[in-house]
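Beneath this line is the structure, given in structure tokens, with notes to follow.
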Amino acid sequence: MSATLAPAGVRIRPLGTAIGADIEGVDLARLDDTTFAAIERAWGEHLVLRFRAQTLTDVDLMNFSRRIGTLDRIPIRAAGVPMTADPRLAIAPEAVEYVAVISNVKLDGKAIGGLGNYESHWHTDMSYNDIPPMASALYAIEVPPSGGNTSFANMYAAFETLDAATRARIGGLTCIHDASRNSVGELRRGFADIADPSQTVGARHPIVRTHPVTNRKCLFLGRRRSAYIPELSLQDSEALLDHLWAHATAPRFCWTQVWQAGDLVMWDNRCTLHRRDEFDDSYQRIMHRTQMCGDRPY
Ligand code: OGA
Ligand code: MN
């Protein structure tokens with residue numbers, strides 16, 4: 001794949017044909033406005049951007065993220081530990097509310113962050129909220145030698161390639177996005193374990209959303225488990241959701257990130273899905289994530 005030359009010597013190298021690009025020649029801790037404008041343009045086109053070999057403090061991560069949008073608060077269960085003997089395990093005190101720790105590391109038997117070493121199923125971040133974050137930026141501090149890869153899927157492409165009958169059918173439909181579990185399936189504090197998807201508690205969003213910046217339509221699926229289309233019977237909802245999910249997560253819409261320490265990957269939650277492989281719990285994986293406020297899907 002050839003690289004395109006952007007202003008200020010920034011190189012944009014697509015990571016395949018479906019989704020994602022490497023941005024080379026950029027230090028995210030020292031970004032000027034011209035370079036950021038090139039990054040934003042590339043993000044609109046590629047949906048997921050990777051920046052390798054970065055050295056970022058939590059404050060650097062927050063400052064870069066603030067250029068993309070207003071920082072959103074972290075989800076429950078991803079709160080980091082402000083002071084530890086090992087600085088690699090700590091989170092800056094000023095980052096506690098805005099930088100989520102995604103890690104399997106335990107200190108004194110207590111997880112320092114969220115998601116453990118488990119597989120996380122296809123999802124988009126915090127779509128169970130009425131106003132889900134538009135973007136997330138995930139920065140790798142320490143990664144295992146293998147496993148824990150993160151895949152991304154292009155929901156514009158998924159929408160555009162749907163059969164015409166399904167596309168017409170879903171135009172006016174909504175979906176309830178389950179708030180009770182995180183992406184590795186853990187039940188959140190304060191939520192009941194509901195077996196019947198028609199009773200699911202969470203935000204209700206259109207299945208087809210219009211991206212507020214590009215004005216393009218895409219599928220907005222959130223997560224499969226406990227999802228429910230309230231305009232349909234449970235049986236019809238299950239069948240349609242199975243059909244949409246099987247289509248949307250086909251490998252031709254996807255790209256998989258194999259992490260190196262120092263990678264920062266940012267993605268657009270409005271028009272992508274992501275999932276993560278499990279990994280060997282005897283290795284440490286430490287990631288810091290920001291999420292940027294979005295608007296109500298329409
Ligand atoms: C996330 C997430 C994937 C990963 O941070 O939102 O899904 O690779 N993480 O840990
Ligand atoms: Mn996620």
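Chain identifiers are assigned as A, B, and so on, following the order in which chains appear in the structure tokens; residues are numbered from 1 within each chain, and ligands are numbered from 1 in order of appearance.
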*Contacts of Ala135 (chain A) within 12 Å, only C-alpha atoms, excl. fewer than 3 positions in-chain, as JSON, numbers by chain*: {"A": [40, 43, 44, 47, 48, 49, 65, 66, 67, 68, 69, 70, 71, 72, 124, 125, 126, 127, 131, 132, 138, 265, 266, 267, 268, 269, 270, 271, 272, 273, 289, 290, 291, 292, 293, 294, 295]}
Please dump the current selection as a CSV table (one decimal), in the first residue's frame; keep N, CA and C atoms.
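Just written: out21.csv:
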chain,number,residue,atom,x,y,z
A,40,GLU,N,-7.0,14.9,11.6
A,40,GLU,CA,-8.4,14.9,11.6
A,40,GLU,C,-9.0,14.5,10.2
A,43,TRP,N,-8.5,10.9,9.8
A,43,TRP,CA,-9.4,10.1,10.6
A,43,TRP,C,-10.8,10.0,10.0
A,44,GLY,N,-11.3,11.1,9.4
A,44,GLY,CA,-12.6,11.1,8.7
A,44,GLY,C,-12.6,10.0,7.6
A,47,LEU,N,-11.1,6.2,9.7
A,47,LEU,CA,-11.9,5.8,10.9
A,47,LEU,C,-11.1,5.4,12.1
A,48,VAL,N,-10.0,4.7,11.9
A,48,VAL,CA,-9.1,4.3,12.9
A,48,VAL,C,-7.7,4.7,12.5
A,49,LEU,N,-7.0,5.4,13.5
A,49,LEU,CA,-5.6,5.8,13.2
A,49,LEU,C,-4.7,5.2,14.2
A,65,SER,N,-6.2,14.3,23.3
A,65,SER,CA,-7.6,13.9,23.2
A,65,SER,C,-8.5,15.1,23.2
A,66,ARG,N,-8.1,16.2,23.9
A,66,ARG,CA,-8.9,17.4,24.0
A,66,ARG,C,-9.0,18.1,22.6
A,67,ARG,N,-8.0,17.9,21.8
A,67,ARG,CA,-8.0,18.5,20.4
A,67,ARG,C,-9.2,17.8,19.6
A,68,ILE,N,-9.4,16.5,19.9
A,68,ILE,CA,-10.5,15.8,19.2
A,68,ILE,C,-11.8,16.2,19.7
A,69,GLY,N,-12.0,16.3,21.0
A,69,GLY,CA,-13.3,16.7,21.6
A,69,GLY,C,-13.2,16.8,23.1
A,70,THR,N,-14.3,17.2,23.7
A,70,THR,CA,-14.3,17.3,25.1
A,70,THR,C,-14.1,15.9,25.8
A,71,LEU,N,-13.3,15.8,26.8
A,71,LEU,CA,-13.1,14.5,27.4
A,71,LEU,C,-14.3,14.1,28.2
A,72,ASP,N,-14.7,12.8,28.0
A,72,ASP,CA,-15.8,12.2,28.7
A,72,ASP,C,-15.3,11.5,29.9
A,124,THR,N,-19.2,-1.1,20.5
A,124,THR,CA,-18.7,0.3,20.4
A,124,THR,C,-18.8,0.9,21.7
A,125,ASP,N,-17.9,1.8,22.1
A,125,ASP,CA,-17.8,2.2,23.5
A,125,ASP,C,-19.0,2.9,24.1
A,126,MET,N,-19.5,2.4,25.2
A,126,MET,CA,-20.5,3.1,26.0
A,126,MET,C,-21.8,3.5,25.2
A,127,SER,N,-22.2,2.7,24.3
A,127,SER,CA,-23.3,3.0,23.5
A,127,SER,C,-24.6,2.8,24.3
A,131,ILE,N,-26.0,9.6,25.1
A,131,ILE,CA,-25.0,10.4,24.4
A,131,ILE,C,-23.7,9.7,24.4
A,132,PRO,N,-23.4,8.7,23.6
A,132,PRO,CA,-22.2,7.9,23.7
A,132,PRO,C,-21.0,8.7,23.2
A,138,LEU,N,-6.7,4.8,22.7
A,138,LEU,CA,-6.1,3.7,23.5
A,138,LEU,C,-4.6,3.7,23.4
A,265,VAL,N,-3.9,4.1,19.4
A,265,VAL,CA,-4.9,3.9,18.4
A,265,VAL,C,-6.1,4.7,18.8
A,266,MET,N,-6.6,5.5,17.9
A,266,MET,CA,-7.8,6.2,18.1
A,266,MET,C,-8.9,5.8,17.1
A,267,TRP,N,-10.1,5.7,17.6
A,267,TRP,CA,-11.2,5.2,16.7
A,267,TRP,C,-12.4,6.1,16.8
A,268,ASP,N,-13.2,6.0,15.8
A,268,ASP,CA,-14.5,6.7,15.8
A,268,ASP,C,-15.6,5.8,16.2
A,269,ASN,N,-16.1,6.0,17.4
A,269,ASN,CA,-17.2,5.0,17.9
A,269,ASN,C,-18.5,5.1,17.1
A,270,ARG,N,-18.7,6.2,16.3
A,270,ARG,CA,-19.9,6.4,15.7
A,270,ARG,C,-20.1,5.5,14.5
A,271,CYS,N,-19.0,5.1,13.9
A,271,CYS,CA,-19.0,4.4,12.6
A,271,CYS,C,-18.1,3.1,12.6
A,272,THR,N,-17.7,2.6,13.7
A,272,THR,CA,-16.9,1.4,13.8
A,272,THR,C,-17.3,0.5,15.0
A,273,LEU,N,-17.0,-0.7,14.9
A,273,LEU,CA,-17.1,-1.6,16.0
A,273,LEU,C,-15.6,-2.1,16.3
A,289,ARG,N,-6.8,4.8,28.4
A,289,ARG,CA,-7.7,5.2,27.3
A,289,ARG,C,-8.5,6.5,27.7
A,290,THR,N,-8.6,7.3,26.7
A,290,THR,CA,-9.5,8.5,26.9
A,290,THR,C,-10.7,8.2,26.0
A,291,GLN,N,-11.8,8.9,26.3
A,291,GLN,CA,-13.0,8.9,25.5
A,291,GLN,C,-13.5,10.3,25.4
A,292,MET,N,-13.9,10.7,24.1
A,292,MET,CA,-14.3,12.0,23.9
A,292,MET,C,-15.9,12.1,23.6
A,293,CYS,N,-16.5,13.1,24.2
A,293,CYS,CA,-17.9,13.3,24.2
A,293,CYS,C,-18.4,13.4,22.8
A,294,GLY,N,-19.5,12.7,22.5
A,294,GLY,CA,-20.2,12.8,21.2
A,294,GLY,C,-21.5,13.5,21.3
A,295,ASP,N,-22.4,13.2,20.3
A,295,ASP,CA,-23.8,13.8,20.4
A,295,ASP,C,-24.8,12.6,20.3
_Could you list, as a list in words, every residue within 8 Å of Thr256 (chain A), counting only C-alpha atoms and ignoring same-chain residues fewer than 3 positions away?_
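Non-adjacent residues within range: Asn149, Thr150, Ser151 and Phe152 of chain A.
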Filtering to N, CA and C atoms, could you give me those residues as an mmCIF file, in the first residue's frame?
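Resulting contents of again-v4.cif:
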data_model
loop_
_atom_site.group_PDB
_atom_site.id
_atom_site.type_symbol
_atom_site.label_atom_id
_atom_site.label_comp_id
_atom_site.auth_asym_id
_atom_site.auth_seq_id
_atom_site.Cartn_x
_atom_site.Cartn_y
_atom_site.Cartn_z
ATOM 1 N N ASN A 149 -4.915 -8.876 20.686
ATOM 2 C CA ASN A 149 -5.066 -8.056 19.475
ATOM 3 C C ASN A 149 -6.455 -7.426 19.453
ATOM 4 N N THR A 150 -6.550 -6.279 18.812
ATOM 5 C CA THR A 150 -7.828 -5.557 18.778
ATOM 6 C C THR A 150 -8.247 -5.362 17.328
ATOM 7 N N SER A 151 -9.461 -5.833 16.998
ATOM 8 C CA SER A 151 -9.953 -5.715 15.620
ATOM 9 C C SER A 151 -10.984 -4.601 15.524
ATOM 10 N N PHE A 152 -11.041 -3.983 14.352
ATOM 11 C CA PHE A 152 -11.978 -2.889 14.094
ATOM 12 C C PHE A 152 -12.762 -3.200 12.821
#
*Could you please determine the separation between CA of Asp58 (chain A) and CA of Ser103 (chain A) in Å, to one decimal place?*
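CA of Ser103 (chain A) lies 15.3 Å from CA of Asp58 (chain A).
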*asked:* Can you work out which residues are within 9 Å of ligand 1, considering only C-alpha atoms and all ligand atoms, and then hand them over as a VMD selection string?
replied: chain A and resid 100 to 103 114 to 117 119 to 126 136 to 138 140 148 to 151 183 to 184 257 259 274 to 277 285 to 291
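Between ligand 2 and the candidates A:Leu61, A:Ala78, A:Val201, A:Ala29, the tightest atom-to-atom separation, counting only C-alpha atoms and all ligand atoms, involves A:Ala78.
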*Restricting the calculation to only C-alpha atoms and all ligand atoms, which member of A:Ala246, A:Ile74, A:Val10, A:Ala164 is positioned closest to ligand 2?*
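Among the listed residues, the smallest separation from ligand 2 belongs to A:Ile74.
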*Among the residues A:Asn182, A:Thr84, A:Asn104, A:Thr34, the one that comes closest to ligand 2 [using only C-alpha atoms and all ligand atoms]*: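 Going through A:Asn182, A:Thr84, A:Asn104, A:Thr34 one by one, the smallest distance to ligand 2 is for A:Asn182.
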*Can you check which residues of region 76-260 of chain A DSSP gives as strand (DSSP E) on the backbone and send them as a PyMOL selection string?*
chain A and resi 100-103+106-107+110-111+114-115+120-123+135-142+150-154+174-176+204-206+208-210+217-219+254-257
N, CA and C atoms of the current selection, written as a short mmCIF file (atom, residue, chain, number, x, y, z; two decimals), in the first residue's frame:
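Output file part_7.cif is given in full below:
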data_model
loop_
_atom_site.label_atom_id
_atom_site.label_comp_id
_atom_site.auth_asym_id
_atom_site.auth_seq_id
_atom_site.Cartn_x
_atom_site.Cartn_y
_atom_site.Cartn_z
N ALA A 100 -9.21 6.06 31.49
CA ALA A 100 -9.59 4.73 31.93
C ALA A 100 -8.37 3.82 31.83
N VAL A 101 -8.19 2.97 32.83
CA VAL A 101 -7.13 1.97 32.76
C VAL A 101 -7.76 0.66 32.26
N ILE A 102 -7.18 0.12 31.19
CA ILE A 102 -7.62 -1.16 30.64
C ILE A 102 -6.46 -2.11 30.90
N SER A 103 -6.62 -3.02 31.85
CA SER A 103 -5.47 -3.85 32.25
C SER A 103 -5.92 -5.09 32.99
N LYS A 106 -3.23 -6.90 38.69
CA LYS A 106 -3.86 -6.79 40.01
C LYS A 106 -2.81 -6.35 41.02
N LEU A 107 -3.19 -5.45 41.89
CA LEU A 107 -2.34 -5.04 43.01
C LEU A 107 -3.06 -5.46 44.28
N LYS A 110 -6.46 -6.72 43.76
CA LYS A 110 -7.50 -5.82 43.24
C LYS A 110 -7.07 -5.33 41.85
N ALA A 111 -7.99 -5.43 40.88
CA ALA A 111 -7.67 -5.01 39.50
C ALA A 111 -7.38 -3.52 39.45
N GLY A 114 -9.93 -2.07 33.95
CA GLY A 114 -11.06 -2.86 33.47
C GLY A 114 -10.66 -3.92 32.44
N LEU A 115 -11.57 -4.83 32.17
CA LEU A 115 -11.56 -5.84 31.10
C LEU A 115 -10.66 -7.06 31.33
N SER A 120 -12.93 -9.47 24.61
CA SER A 120 -14.06 -8.54 24.61
C SER A 120 -14.78 -8.69 23.28
N HIS A 121 -16.09 -8.79 23.35
CA HIS A 121 -16.89 -9.06 22.15
C HIS A 121 -17.10 -7.78 21.37
N TRP A 122 -17.45 -7.92 20.11
CA TRP A 122 -17.68 -6.75 19.25
C TRP A 122 -18.58 -5.74 19.96
N HIS A 123 -18.17 -4.49 19.94
CA HIS A 123 -18.96 -3.43 20.58
C HIS A 123 -18.47 -2.07 20.10
N ALA A 135 -15.41 9.23 20.24
CA ALA A 135 -14.09 8.68 19.93
C ALA A 135 -13.47 8.09 21.18
N SER A 136 -12.54 7.18 20.97
CA SER A 136 -11.71 6.67 22.06
C SER A 136 -10.28 6.66 21.56
N ALA A 137 -9.34 6.86 22.48
CA ALA A 137 -7.92 6.77 22.14
C ALA A 137 -7.28 5.85 23.16
N LEU A 138 -6.65 4.78 22.67
CA LEU A 138 -6.10 3.74 23.54
C LEU A 138 -4.59 3.70 23.35
N TYR A 139 -3.87 3.89 24.45
CA TYR A 139 -2.41 4.01 24.42
C TYR A 139 -1.80 2.82 25.16
N ALA A 140 -0.91 2.11 24.48
CA ALA A 140 -0.32 0.90 25.05
C ALA A 140 0.96 1.22 25.82
N ILE A 141 0.95 0.91 27.10
CA ILE A 141 2.13 1.11 27.95
C ILE A 141 2.93 -0.18 28.05
N GLU A 142 2.22 -1.29 28.21
CA GLU A 142 2.89 -2.60 28.24
C GLU A 142 1.94 -3.61 27.62
N THR A 150 -6.55 -6.28 18.81
CA THR A 150 -7.83 -5.56 18.78
C THR A 150 -8.25 -5.36 17.33
N SER A 151 -9.46 -5.83 17.00
CA SER A 151 -9.95 -5.72 15.62
C SER A 151 -10.98 -4.60 15.52
N PHE A 152 -11.04 -3.98 14.35
CA PHE A 152 -11.98 -2.89 14.09
C PHE A 152 -12.76 -3.20 12.82
N ALA A 153 -14.03 -2.82 12.81
CA ALA A 153 -14.87 -3.06 11.64
C ALA A 153 -15.52 -1.75 11.18
N ASN A 154 -15.62 -1.58 9.88
CA ASN A 154 -16.10 -0.35 9.24
C ASN A 154 -17.62 -0.42 9.04
N THR A 174 -35.14 1.10 15.71
CA THR A 174 -34.19 1.46 16.77
C THR A 174 -33.74 0.19 17.48
N CYS A 175 -32.78 0.37 18.37
CA CYS A 175 -32.29 -0.77 19.15
C CYS A 175 -32.01 -0.30 20.57
N ILE A 176 -32.31 -1.16 21.54
CA ILE A 176 -31.94 -0.88 22.93
C ILE A 176 -30.54 -1.46 23.15
N ARG A 204 -31.76 3.89 23.81
CA ARG A 204 -32.40 3.46 22.57
C ARG A 204 -31.88 4.34 21.44
N HIS A 205 -31.27 3.71 20.44
CA HIS A 205 -30.65 4.46 19.33
C HIS A 205 -31.14 3.93 17.99
N PRO A 206 -31.13 4.79 16.96
CA PRO A 206 -31.44 4.29 15.62
C PRO A 206 -30.41 3.25 15.17
N VAL A 208 -29.63 2.67 12.04
CA VAL A 208 -28.85 3.38 11.02
C VAL A 208 -28.67 4.80 11.51
N ARG A 209 -27.44 5.21 11.70
CA ARG A 209 -27.22 6.58 12.14
C ARG A 209 -26.50 7.37 11.06
N THR A 210 -26.66 8.67 11.12
CA THR A 210 -25.96 9.56 10.20
C THR A 210 -24.78 10.16 10.93
N LYS A 217 -24.27 7.62 6.12
CA LYS A 217 -25.02 6.69 6.96
C LYS A 217 -24.19 5.46 7.29
N CYS A 218 -24.38 4.95 8.49
CA CYS A 218 -23.67 3.73 8.88
C CYS A 218 -24.54 2.94 9.85
N LEU A 219 -24.18 1.67 10.03
CA LEU A 219 -24.85 0.86 11.04
C LEU A 219 -24.33 1.26 12.42
N CYS A 254 -12.90 -5.54 8.17
CA CYS A 254 -12.10 -5.46 9.40
C CYS A 254 -10.61 -5.30 9.18
N TRP A 255 -9.97 -4.79 10.19
CA TRP A 255 -8.51 -4.78 10.30
C TRP A 255 -8.16 -5.06 11.75
N THR A 256 -7.04 -5.78 11.97
CA THR A 256 -6.65 -6.16 13.33
C THR A 256 -5.34 -5.51 13.73
N GLN A 257 -5.37 -4.84 14.85
CA GLN A 257 -4.19 -4.20 15.43
C GLN A 257 -3.46 -5.20 16.32
#
*Measure the distance from CA of Leu173 (chain A) to CA of Ile207 (chain A) in Å and round it to one decimal.*
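Straight-line distance from CA of Leu173 (chain A) to CA of Ile207 (chain A) works out to 6.0 Å.
Across the model, the gap from CA of Ala227 (chain A) to CA of Val258 (chain A) is 29.0 Å.
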*In region 39-254 of chain A, what's helix (DSSP H, G or I) per DSSP? Answer as a VMD selection string?*
chain A and resid 39 to 46 58 to 68 87 to 89 93 to 95 155 to 160 164 to 170 197 to 199 234 to 248 251 to 253
Can you spit out the residues from that selection as a PDB file, in the first residue's frame, using C-alpha atoms?
ATOM      1  CA  ILE A  39      -4.772  13.937  11.368  1.00  0.00           C
ATOM      2  CA  GLU A  40      -8.432  14.916  11.602  1.00  0.00           C
ATOM      3  CA  ARG A  41      -8.849  14.668   7.823  1.00  0.00           C
ATOM      4  CA  ALA A  42      -7.198  11.257   7.774  1.00  0.00           C
ATOM      5  CA  TRP A  43      -9.424  10.130  10.648  1.00  0.00           C
ATOM      6  CA  GLY A  44     -12.562  11.055   8.698  1.00  0.00           C
ATOM      7  CA  GLU A  45     -11.350   8.914   5.824  1.00  0.00           C
ATOM      8  CA  HIS A  46      -9.843   5.908   7.656  1.00  0.00           C
ATOM      9  CA  ASP A  58      -1.436  10.822  31.012  1.00  0.00           C
ATOM     10  CA  VAL A  59      -1.466  14.599  30.626  1.00  0.00           C
ATOM     11  CA  ASP A  60      -0.093  14.301  27.052  1.00  0.00           C
ATOM     12  CA  LEU A  61      -2.817  11.760  26.294  1.00  0.00           C
ATOM     13  CA  MET A  62      -5.489  14.076  27.709  1.00  0.00           C
ATOM     14  CA  ASN A  63      -4.122  17.115  25.838  1.00  0.00           C
ATOM     15  CA  PHE A  64      -4.103  15.273  22.501  1.00  0.00           C
ATOM     16  CA  SER A  65      -7.577  13.899  23.187  1.00  0.00           C
ATOM     17  CA  ARG A  66      -8.920  17.380  23.984  1.00  0.00           C
ATOM     18  CA  ARG A  67      -8.035  18.454  20.448  1.00  0.00           C
ATOM     19  CA  ILE A  68     -10.452  15.798  19.186  1.00  0.00           C
ATOM     20  CA  PRO A  87       4.968   4.054  38.209  1.00  0.00           C
ATOM     21  CA  ARG A  88       3.947   1.920  35.190  1.00  0.00           C
ATOM     22  CA  LEU A  89       0.910   0.787  37.144  1.00  0.00           C
ATOM     23  CA  PRO A  93      -3.905  12.085  39.911  1.00  0.00           C
ATOM     24  CA  GLU A  94      -5.283  14.666  37.426  1.00  0.00           C
ATOM     25  CA  ALA A  95      -6.195  11.816  35.023  1.00  0.00           C
ATOM     26  CA  MET A 155     -19.824   0.318   9.753  1.00  0.00           C
ATOM     27  CA  TYR A 156     -20.166   2.574   6.692  1.00  0.00           C
ATOM     28  CA  ALA A 157     -19.051  -0.320   4.522  1.00  0.00           C
ATOM     29  CA  ALA A 158     -21.303  -2.718   6.421  1.00  0.00           C
ATOM     30  CA  PHE A 159     -24.315  -0.474   5.812  1.00  0.00           C
ATOM     31  CA  GLU A 160     -23.542   0.228   2.165  1.00  0.00           C
ATOM     32  CA  ALA A 164     -31.565  -3.626  -0.366  1.00  0.00           C
ATOM     33  CA  ALA A 165     -34.474  -5.268   1.476  1.00  0.00           C
ATOM     34  CA  THR A 166     -32.678  -5.223   4.835  1.00  0.00           C
ATOM     35  CA  ARG A 167     -31.496  -1.657   4.269  1.00  0.00           C
ATOM     36  CA  ALA A 168     -35.066  -0.529   3.624  1.00  0.00           C
ATOM     37  CA  ARG A 169     -36.350  -2.477   6.618  1.00  0.00           C
ATOM     38  CA  ILE A 170     -33.939  -1.065   9.209  1.00  0.00           C
ATOM     39  CA  PRO A 197     -33.700  -9.178  25.738  1.00  0.00           C
ATOM     40  CA  SER A 198     -37.130  -7.512  25.453  1.00  0.00           C
ATOM     41  CA  GLN A 199     -36.571  -6.360  29.073  1.00  0.00           C
ATOM     42  CA  LEU A 234     -38.478 -10.797  20.308  1.00  0.00           C
ATOM     43  CA  GLN A 235     -38.196 -13.547  17.722  1.00  0.00           C
ATOM     44  CA  ASP A 236     -38.059 -11.128  14.770  1.00  0.00           C
ATOM     45  CA  SER A 237     -35.659  -8.872  16.630  1.00  0.00           C
ATOM     46  CA  GLU A 238     -33.283 -11.769  17.304  1.00  0.00           C
ATOM     47  CA  ALA A 239     -33.378 -12.918  13.691  1.00  0.00           C
ATOM     48  CA  LEU A 240     -32.759  -9.446  12.260  1.00  0.00           C
ATOM     49  CA  LEU A 241     -29.982  -8.684  14.736  1.00  0.00           C
ATOM     50  CA  ASP A 242     -28.261 -12.005  13.976  1.00  0.00           C
ATOM     51  CA  HIS A 243     -28.417 -11.184  10.272  1.00  0.00           C
ATOM     52  CA  LEU A 244     -27.031  -7.657  10.771  1.00  0.00           C
ATOM     53  CA  TRP A 245     -24.234  -8.784  13.086  1.00  0.00           C
ATOM     54  CA  ALA A 246     -23.117 -11.648  10.851  1.00  0.00           C
ATOM     55  CA  HIS A 247     -22.902  -9.219   7.940  1.00  0.00           C
ATOM     56  CA  ALA A 248     -21.300  -6.301   9.798  1.00  0.00           C
ATOM     57  CA  PRO A 251     -13.542 -10.068   7.796  1.00  0.00           C
ATOM     58  CA  ARG A 252     -13.714  -7.926   4.661  1.00  0.00           C
ATOM     59  CA  PHE A 253     -14.810  -4.929   6.771  1.00  0.00           C
TER      60      PHE A 253
END
Contacts of Arg52 (chain A) at 6 Å or less, counting only C-alpha atoms, minus same-chain residues fewer than 2 places along, as a PDB file with all heavy atoms, in the first residue's frame?
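Contents of the output file around19.pdb:
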ATOM      1  N   GLN A  54       5.100   6.159  20.403  1.00  0.00           N
ATOM      2  CA  GLN A  54       4.803   7.376  21.150  1.00  0.00           C
ATOM      3  C   GLN A  54       5.285   7.226  22.595  1.00  0.00           C
ATOM      4  O   GLN A  54       5.367   6.106  23.123  1.00  0.00           O
ATOM      5  CB  GLN A  54       3.297   7.664  21.139  1.00  0.00           C
ATOM      6  CG  GLN A  54       2.714   7.832  19.748  1.00  0.00           C
ATOM      7  CD  GLN A  54       3.279   9.043  19.022  1.00  0.00           C
ATOM      8  OE1 GLN A  54       3.339  10.141  19.579  1.00  0.00           O
ATOM      9  NE2 GLN A  54       3.717   8.843  17.784  1.00  0.00           N
ATOM     10  N   GLY A 262       3.825   1.677  23.166  1.00  0.00           N
ATOM     11  CA  GLY A 262       4.029   2.960  22.498  1.00  0.00           C
ATOM     12  C   GLY A 262       3.035   3.232  21.383  1.00  0.00           C
ATOM     13  O   GLY A 262       3.012   4.326  20.826  1.00  0.00           O
ATOM     14  N   ASP A 263       2.198   2.256  21.053  1.00  0.00           N
ATOM     15  CA  ASP A 263       1.136   2.488  20.050  1.00  0.00           C
ATOM     16  C   ASP A 263       0.004   3.297  20.674  1.00  0.00           C
ATOM     17  O   ASP A 263      -0.449   2.991  21.785  1.00  0.00           O
ATOM     18  CB  ASP A 263       0.515   1.167  19.579  1.00  0.00           C
ATOM     19  CG  ASP A 263       1.392   0.391  18.617  1.00  0.00           C
ATOM     20  OD1 ASP A 263       2.439   0.918  18.196  1.00  0.00           O
ATOM     21  OD2 ASP A 263       1.015  -0.758  18.290  1.00  0.00           O
TER      22      ASP A 263
END
*Measuring atom to atom with only C-alpha atoms and all ligand atoms, identify which of A:Gly171, A:Glu231, A:Asp32, A:Pro133 is nearest to ligand 2.*
A:Pro133
*Return the single residue from A:Phe51, A:Phe191, A:Pro75, A:Tyr228 that is closest to ligand 2, with distances computed using only C-alpha atoms and all ligand atoms.*
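Looking at the shortest contact to ligand 2, the residue is A:Pro75.
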*Selected residue, from A:Arg189, A:Ala37, A:Val26, A:Ala21, that lies nearest to Ile76 (chain A) when counting only C-alpha atoms*: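 Smallest distance to Ile76 (chain A) is found for A:Arg189.
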